[in-house]
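Engineer: One file: coords-v2.pdb (PDB, C-alpha atoms and all ligand atoms).
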```
ATOM      1  CA  MET P   1      72.116  71.522 277.959  1.00  0.00           C
ATOM      2  CA  HIS P   2      73.470  75.029 278.270  1.00  0.00           C
ATOM      3  CA  PRO P   3      76.578  74.767 280.522  1.00  0.00           C
ATOM      4  CA  LEU P   4      75.093  77.047 283.199  1.00  0.00           C
ATOM      5  CA  ALA P   5      71.846  75.100 283.312  1.00  0.00           C
ATOM      6  CA  TYR P   6      73.763  71.818 283.316  1.00  0.00           C
ATOM      7  CA  THR P   7      75.995  72.824 286.255  1.00  0.00           C
ATOM      8  CA  HIS P   8      72.971  73.769 288.346  1.00  0.00           C
ATOM      9  CA  PHE P   9      70.949  70.748 287.247  1.00  0.00           C
ATOM     10  CA  LYS P  10      73.798  68.443 288.270  1.00  0.00           C
ATOM     11  CA  LYS P  11      74.054  70.071 291.704  1.00  0.00           C
ATOM     12  CA  MET P  12      70.286  69.767 292.155  1.00  0.00           C
ATOM     13  CA  VAL P  13      70.323  66.062 291.207  1.00  0.00           C
ATOM     14  CA  LEU P  14      73.132  65.350 293.700  1.00  0.00           C
ATOM     15  CA  ASP P  15      71.465  67.283 296.538  1.00  0.00           C
ATOM     16  CA  ALA P  16      68.156  65.546 295.807  1.00  0.00           C
ATOM     17  CA  LEU P  17      69.902  62.173 296.102  1.00  0.00           C
ATOM     18  CA  ASN P  18      70.849  63.112 299.677  1.00  0.00           C
ATOM     19  CA  ASP P  19      67.117  63.346 300.342  1.00  0.00           C
ATOM     20  CA  ASN P  20      66.554  59.958 298.617  1.00  0.00           C
ATOM     21  CA  ILE P  21      65.022  61.671 295.615  1.00  0.00           C
ATOM     22  CA  VAL P  22      66.100  60.366 292.218  1.00  0.00           C
ATOM     23  CA  LEU P  23      65.955  62.928 289.426  1.00  0.00           C
ATOM     24  CA  TYR P  24      67.080  62.496 285.844  1.00  0.00           C
ATOM     25  CA  SER P  25      66.596  64.213 282.533  1.00  0.00           C
ATOM     26  CA  VAL P  26      64.422  62.505 279.939  1.00  0.00           C
ATOM     27  CA  SER P  27      64.759  65.394 277.511  1.00  0.00           C
ATOM     28  CA  ALA P  28      66.878  68.535 277.634  1.00  0.00           C
ATOM     29  CA  TYR P  29      68.424  70.150 274.566  1.00  0.00           C
ATOM     30  CA  ARG P  30      66.644  69.485 271.274  1.00  0.00           C
ATOM     31  CA  SER P  31      67.675  70.647 267.823  1.00  0.00           C
ATOM     32  CA  PHE P  32      65.186  72.242 265.409  1.00  0.00           C
ATOM     33  CA  LYS P  33      65.052  68.905 263.586  1.00  0.00           C
ATOM     34  CA  ASP P  34      64.344  66.943 266.800  1.00  0.00           C
ATOM     35  CA  GLN P  35      61.567  69.357 267.750  1.00  0.00           C
ATOM     36  CA  ALA P  36      60.065  69.261 264.246  1.00  0.00           C
ATOM     37  CA  SER P  37      59.878  65.489 264.385  1.00  0.00           C
ATOM     38  CA  ILE P  38      58.370  65.418 267.915  1.00  0.00           C
ATOM     39  CA  TYR P  39      55.811  68.102 267.047  1.00  0.00           C
ATOM     40  CA  GLN P  40      54.790  66.413 263.791  1.00  0.00           C
ATOM     41  CA  ASN P  41      54.201  63.129 265.611  1.00  0.00           C
ATOM     42  CA  TYR P  42      51.913  64.851 268.123  1.00  0.00           C
ATOM     43  CA  VAL P  43      50.024  66.648 265.348  1.00  0.00           C
ATOM     44  CA  LYS P  44      49.498  63.318 263.601  1.00  0.00           C
ATOM     45  CA  LYS P  45      48.248  61.771 266.843  1.00  0.00           C
ATOM     46  CA  ASP P  46      46.085  64.572 268.300  1.00  0.00           C
ATOM     47  CA  GLY P  47      45.624  67.183 265.565  1.00  0.00           C
ATOM     48  CA  GLU P  48      47.306  70.580 265.468  1.00  0.00           C
ATOM     49  CA  GLU P  49      45.031  72.448 267.883  1.00  0.00           C
ATOM     50  CA  LYS P  50      45.415  69.944 270.698  1.00  0.00           C
ATOM     51  CA  ALA P  51      49.113  69.380 270.024  1.00  0.00           C
ATOM     52  CA  ASN P  52      49.747  73.131 270.354  1.00  0.00           C
ATOM     53  CA  LYS P  53      48.642  72.963 273.998  1.00  0.00           C
ATOM     54  CA  TYR P  54      51.485  70.682 275.005  1.00  0.00           C
ATOM     55  CA  SER P  55      54.058  70.717 272.238  1.00  0.00           C
ATOM     56  CA  ALA P  56      55.870  73.681 270.744  1.00  0.00           C
ATOM     57  CA  LYS P  57      56.196  74.316 267.033  1.00  0.00           C
ATOM     58  CA  PRO P  58      59.771  73.853 265.847  1.00  0.00           C
ATOM     59  CA  GLY P  59      61.660  77.103 266.449  1.00  0.00           C
ATOM     60  CA  THR P  60      59.591  78.002 269.534  1.00  0.00           C
ATOM     61  CA  SER P  61      60.455  75.227 272.001  1.00  0.00           C
ATOM     62  CA  GLU P  62      62.322  76.106 275.189  1.00  0.00           C
ATOM     63  CA  HIS P  63      64.155  72.840 274.749  1.00  0.00           C
ATOM     64  CA  GLN P  64      65.952  74.372 271.770  1.00  0.00           C
ATOM     65  CA  THR P  65      67.570  76.945 274.108  1.00  0.00           C
ATOM     66  CA  GLY P  66      69.278  74.252 276.174  1.00  0.00           C
ATOM     67  CA  LEU P  67      67.746  75.833 279.301  1.00  0.00           C
ATOM     68  CA  ALA P  68      64.754  73.509 279.706  1.00  0.00           C
ATOM     69  CA  VAL P  69      64.655  69.977 281.006  1.00  0.00           C
ATOM     70  CA  ASP P  70      61.918  67.388 281.354  1.00  0.00           C
ATOM     71  CA  ILE P  71      62.576  65.577 284.616  1.00  0.00           C
ATOM     72  CA  ASN P  72      61.776  61.860 285.074  1.00  0.00           C
ATOM     73  CA  THR P  73      58.915  61.867 282.545  1.00  0.00           C
ATOM     74  CA  CYS P  74      57.185  63.911 279.871  1.00  0.00           C
ATOM     75  CA  PHE P  75      53.739  62.324 279.986  1.00  0.00           C
ATOM     76  CA  THR P  76      50.623  63.396 281.856  1.00  0.00           C
ATOM     77  CA  LYS P  77      49.515  59.753 282.094  1.00  0.00           C
ATOM     78  CA  ASP P  78      52.437  59.060 284.477  1.00  0.00           C
ATOM     79  CA  HIS P  79      50.861  61.390 287.069  1.00  0.00           C
ATOM     80  CA  PHE P  80      54.290  62.700 287.951  1.00  0.00           C
ATOM     81  CA  GLU P  81      52.608  65.464 289.995  1.00  0.00           C
ATOM     82  CA  LYS P  82      51.710  62.862 292.642  1.00  0.00           C
ATOM     83  CA  THR P  83      55.289  61.663 293.210  1.00  0.00           C
ATOM     84  CA  LYS P  84      57.662  62.686 295.981  1.00  0.00           C
ATOM     85  CA  GLU P  85      60.091  63.738 293.250  1.00  0.00           C
ATOM     86  CA  ALA P  86      57.613  66.285 291.874  1.00  0.00           C
ATOM     87  CA  LYS P  87      56.970  67.584 295.384  1.00  0.00           C
ATOM     88  CA  TRP P  88      60.691  67.910 296.079  1.00  0.00           C
ATOM     89  CA  LEU P  89      61.182  69.771 292.796  1.00  0.00           C
ATOM     90  CA  SER P  90      58.349  72.188 293.406  1.00  0.00           C
ATOM     91  CA  ASN P  91      59.816  73.047 296.829  1.00  0.00           C
ATOM     92  CA  ASN P  92      63.503  73.140 295.911  1.00  0.00           C
ATOM     93  CA  ALA P  93      64.182  73.709 292.210  1.00  0.00           C
ATOM     94  CA  TYR P  94      64.262  77.505 292.570  1.00  0.00           C
ATOM     95  CA  LYS P  95      67.300  77.200 294.853  1.00  0.00           C
ATOM     96  CA  TYR P  96      69.191  75.923 291.799  1.00  0.00           C
ATOM     97  CA  GLY P  97      67.755  78.511 289.422  1.00  0.00           C
ATOM     98  CA  PHE P  98      64.987  76.372 287.921  1.00  0.00           C
ATOM     99  CA  ILE P  99      61.297  77.236 287.699  1.00  0.00           C
ATOM    100  CA  LEU P 100      58.249  75.100 287.034  1.00  0.00           C
ATOM    101  CA  ARG P 101      57.596  76.623 283.645  1.00  0.00           C
ATOM    102  CA  TYR P 102      53.971  75.587 283.062  1.00  0.00           C
ATOM    103  CA  PRO P 103      52.194  75.587 286.448  1.00  0.00           C
ATOM    104  CA  LYS P 104      48.742  74.296 287.225  1.00  0.00           C
ATOM    105  CA  ASP P 105      45.792  76.594 286.417  1.00  0.00           C
ATOM    106  CA  LYS P 106      48.034  79.023 284.508  1.00  0.00           C
ATOM    107  CA  GLU P 107      47.239  77.644 281.076  1.00  0.00           C
ATOM    108  CA  LYS P 108      45.648  80.936 280.005  1.00  0.00           C
ATOM    109  CA  ILE P 109      48.859  82.803 280.778  1.00  0.00           C
ATOM    110  CA  THR P 110      51.474  80.324 279.581  1.00  0.00           C
ATOM    111  CA  GLY P 111      49.490  78.812 276.701  1.00  0.00           C
ATOM    112  CA  TYR P 112      50.483  75.322 277.838  1.00  0.00           C
ATOM    113  CA  ILE P 113      48.865  72.650 279.945  1.00  0.00           C
ATOM    114  CA  TYR P 114      50.256  71.907 283.416  1.00  0.00           C
ATOM    115  CA  GLU P 115      53.602  70.150 282.959  1.00  0.00           C
ATOM    116  CA  PRO P 116      54.875  69.162 286.416  1.00  0.00           C
ATOM    117  CA  TRP P 117      58.065  67.726 284.856  1.00  0.00           C
ATOM    118  CA  HIS P 118      59.153  70.681 282.705  1.00  0.00           C
ATOM    119  CA  TYR P 119      61.649  72.979 284.414  1.00  0.00           C
ATOM    120  CA  ARG P 120      63.513  75.911 282.948  1.00  0.00           C
ATOM    121  CA  TYR P 121      66.731  77.451 284.137  1.00  0.00           C
ATOM    122  CA  VAL P 122      66.378  81.215 284.693  1.00  0.00           C
ATOM    123  CA  GLY P 123      69.092  81.788 287.322  1.00  0.00           C
ATOM    124  CA  ILE P 124      68.752  81.665 291.093  1.00  0.00           C
ATOM    125  CA  LYS P 125      67.726  85.322 291.599  1.00  0.00           C
ATOM    126  CA  ALA P 126      64.880  85.205 289.049  1.00  0.00           C
ATOM    127  CA  ALA P 127      63.809  81.711 290.091  1.00  0.00           C
ATOM    128  CA  THR P 128      63.584  82.734 293.750  1.00  0.00           C
ATOM    129  CA  PHE P 129      61.500  85.799 292.888  1.00  0.00           C
ATOM    130  CA  ILE P 130      59.170  83.771 290.648  1.00  0.00           C
ATOM    131  CA  TYR P 131      58.830  81.022 293.272  1.00  0.00           C
ATOM    132  CA  GLN P 132      58.133  83.396 296.162  1.00  0.00           C
ATOM    133  CA  SER P 133      55.708  85.526 294.136  1.00  0.00           C
ATOM    134  CA  GLU P 134      53.931  82.436 292.740  1.00  0.00           C
ATOM    135  CA  ILE P 135      53.946  83.912 289.262  1.00  0.00           C
ATOM    136  CA  THR P 136      54.678  82.544 285.814  1.00  0.00           C
ATOM    137  CA  PHE P 137      57.681  83.395 283.679  1.00  0.00           C
ATOM    138  CA  GLU P 138      55.346  85.495 281.488  1.00  0.00           C
ATOM    139  CA  GLU P 139      54.235  87.571 284.497  1.00  0.00           C
ATOM    140  CA  TYR P 140      57.838  87.933 285.625  1.00  0.00           C
ATOM    141  CA  TYR P 141      58.775  89.120 282.154  1.00  0.00           C
ATOM    142  CA  ASP P 142      55.999  91.758 282.278  1.00  0.00           C
ATOM    143  CA  ILE P 143      57.273  92.997 285.655  1.00  0.00           C
ATOM    144  CA  MET P 144      60.818  93.157 284.290  1.00  0.00           C
ATOM    145  CA  ILE P 145      59.701  95.196 281.282  1.00  0.00           C
ATOM    146  CA  GLU P 146      57.713  97.609 283.474  1.00  0.00           C
ATOM    147  CA  ASN P 147      60.229  98.048 286.289  1.00  0.00           C
ATOM    148  CA  LYS P 148      63.455  97.414 284.417  1.00  0.00           C
ATOM    149  CA  GLU P 149      64.678  95.653 287.550  1.00  0.00           C
ATOM    150  CA  VAL P 150      63.415  93.403 290.326  1.00  0.00           C
TER
HETATM  151 ZN    ZN P 201      59.549  69.985 278.273  1.00  0.00          ZN
END
```
For this file, write the structure as structure tokens.
Structural biologist:
Amino acid sequence: MHPLAYTHFKKMVLDALNDNIVLYSVSAYRSFKDQASIYQNYVKKDGEEKANKYSAKPGTSEHQTGLAVDINTCFTKDHFEKTKEAKWLSNNAYKYGFILRYPKDKEKITGYIYEPWHYRYVGIKAATFIYQSEITFEEYYDIMIENKEV
């Protein structure tokens, strides 16, 4: 992980433990090669069109930035969204600079299905704004471009 993201992730994991919430990374930084292999496997399994809804083409994955982390799972079949860990994350992650990157019912904006486990480090100021405004990173980016500041 990027050192800044790692420092904040570690603090979040330790604070969560105090609330009896166990968080861990199942996937954080990925190289181009790692992403290419993951993506190709999904394309083989589901076809390119479907795979594009939940897996990024190599070179376009947030995991390659070292700022994204999949927490506790990376599968929809695990129903992570129903766990107390997912609830804790959705209420607290912004305090550590992380945002839920692909929220529910925002598929048209983000281009990805709801991924309750995928968090991205954007810094505490941006994360707090995004959380309080209930917007996606894409919408935040648009606001930033228009206003030059938030
Ligand atoms: Zn992810």
Engineer: Once you count all atoms listed in the file, which residues end up within 6 Å of ligand ZN 201 (chain P), and could you hand them over as a PyMOL selection string?
Structural biologist: chain P and resi 69-70+118
Engineer: Residues picked by the PyMOL selection byres (((chain P and resi 62-67) around 10) and not hetatm) here, as a PDB file with C-alpha atoms, in the coordinates of the input?
Structural biologist:
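Saved file selection-v9.pdb follows:
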```
ATOM      1  CA  MET P   1      72.116  71.522 277.959  1.00  0.00           C
ATOM      2  CA  HIS P   2      73.470  75.029 278.270  1.00  0.00           C
ATOM      3  CA  PRO P   3      76.578  74.767 280.522  1.00  0.00           C
ATOM      4  CA  LEU P   4      75.093  77.047 283.199  1.00  0.00           C
ATOM      5  CA  ALA P   5      71.846  75.100 283.312  1.00  0.00           C
ATOM      6  CA  TYR P   6      73.763  71.818 283.316  1.00  0.00           C
ATOM      7  CA  PHE P   9      70.949  70.748 287.247  1.00  0.00           C
ATOM      8  CA  SER P  27      64.759  65.394 277.511  1.00  0.00           C
ATOM      9  CA  ALA P  28      66.878  68.535 277.634  1.00  0.00           C
ATOM     10  CA  TYR P  29      68.424  70.150 274.566  1.00  0.00           C
ATOM     11  CA  ARG P  30      66.644  69.485 271.274  1.00  0.00           C
ATOM     12  CA  SER P  31      67.675  70.647 267.823  1.00  0.00           C
ATOM     13  CA  PHE P  32      65.186  72.242 265.409  1.00  0.00           C
ATOM     14  CA  LYS P  33      65.052  68.905 263.586  1.00  0.00           C
ATOM     15  CA  ASP P  34      64.344  66.943 266.800  1.00  0.00           C
ATOM     16  CA  GLN P  35      61.567  69.357 267.750  1.00  0.00           C
ATOM     17  CA  ALA P  56      55.870  73.681 270.744  1.00  0.00           C
ATOM     18  CA  PRO P  58      59.771  73.853 265.847  1.00  0.00           C
ATOM     19  CA  GLY P  59      61.660  77.103 266.449  1.00  0.00           C
ATOM     20  CA  THR P  60      59.591  78.002 269.534  1.00  0.00           C
ATOM     21  CA  SER P  61      60.455  75.227 272.001  1.00  0.00           C
ATOM     22  CA  ALA P  68      64.754  73.509 279.706  1.00  0.00           C
ATOM     23  CA  VAL P  69      64.655  69.977 281.006  1.00  0.00           C
ATOM     24  CA  ASP P  70      61.918  67.388 281.354  1.00  0.00           C
ATOM     25  CA  PHE P  98      64.987  76.372 287.921  1.00  0.00           C
ATOM     26  CA  ARG P 101      57.596  76.623 283.645  1.00  0.00           C
ATOM     27  CA  HIS P 118      59.153  70.681 282.705  1.00  0.00           C
ATOM     28  CA  TYR P 119      61.649  72.979 284.414  1.00  0.00           C
ATOM     29  CA  ARG P 120      63.513  75.911 282.948  1.00  0.00           C
ATOM     30  CA  TYR P 121      66.731  77.451 284.137  1.00  0.00           C
ATOM     31  CA  VAL P 122      66.378  81.215 284.693  1.00  0.00           C
TER      32      VAL P 122
END
```
Engineer: At a cut-off of 8 Å, using all atoms listed in the file, what residues contact Ile109 (chain P)? Leave out same-chain residues fewer than 3 positions from it and give the result as a list in words.
Structural biologist: Lys106, Thr136 and Glu138 of chain P
Engineer: Quick one: apply the PyMOL selection byres (((chain P and resi 97) around 7) and not hetatm) to the file and drop the selected residues here as an NGL selection string.
Structural biologist: :P and (93-96 or 98-99 or 121-124 or 127)
Engineer: With C-alpha atoms retained, export the selected residues as a short mmCIF file (atom, residue, chain, number, x, y, z; two decimals), in the frame of the given file.
Structural biologist:
```cif
data_model
loop_
_atom_site.label_atom_id
_atom_site.label_comp_id
_atom_site.auth_asym_id
_atom_site.auth_seq_id
_atom_site.Cartn_x
_atom_site.Cartn_y
_atom_site.Cartn_z
CA ALA P 93 64.18 73.71 292.21
CA TYR P 94 64.26 77.50 292.57
CA LYS P 95 67.30 77.20 294.85
CA TYR P 96 69.19 75.92 291.80
CA PHE P 98 64.99 76.37 287.92
CA ILE P 99 61.30 77.24 287.70
CA TYR P 121 66.73 77.45 284.14
CA VAL P 122 66.38 81.22 284.69
CA GLY P 123 69.09 81.79 287.32
CA ILE P 124 68.75 81.67 291.09
CA ALA P 127 63.81 81.71 290.09
#
```
Engineer: Which residues, named as in the file, does the PyMOL selection byres (((chain P and resi 55) around 12) and not hetatm) pick out? Answer as a PyMOL selection string.
Structural biologist: chain P and resi 35-43+45-54+56-63+74-75+102+111-115+118
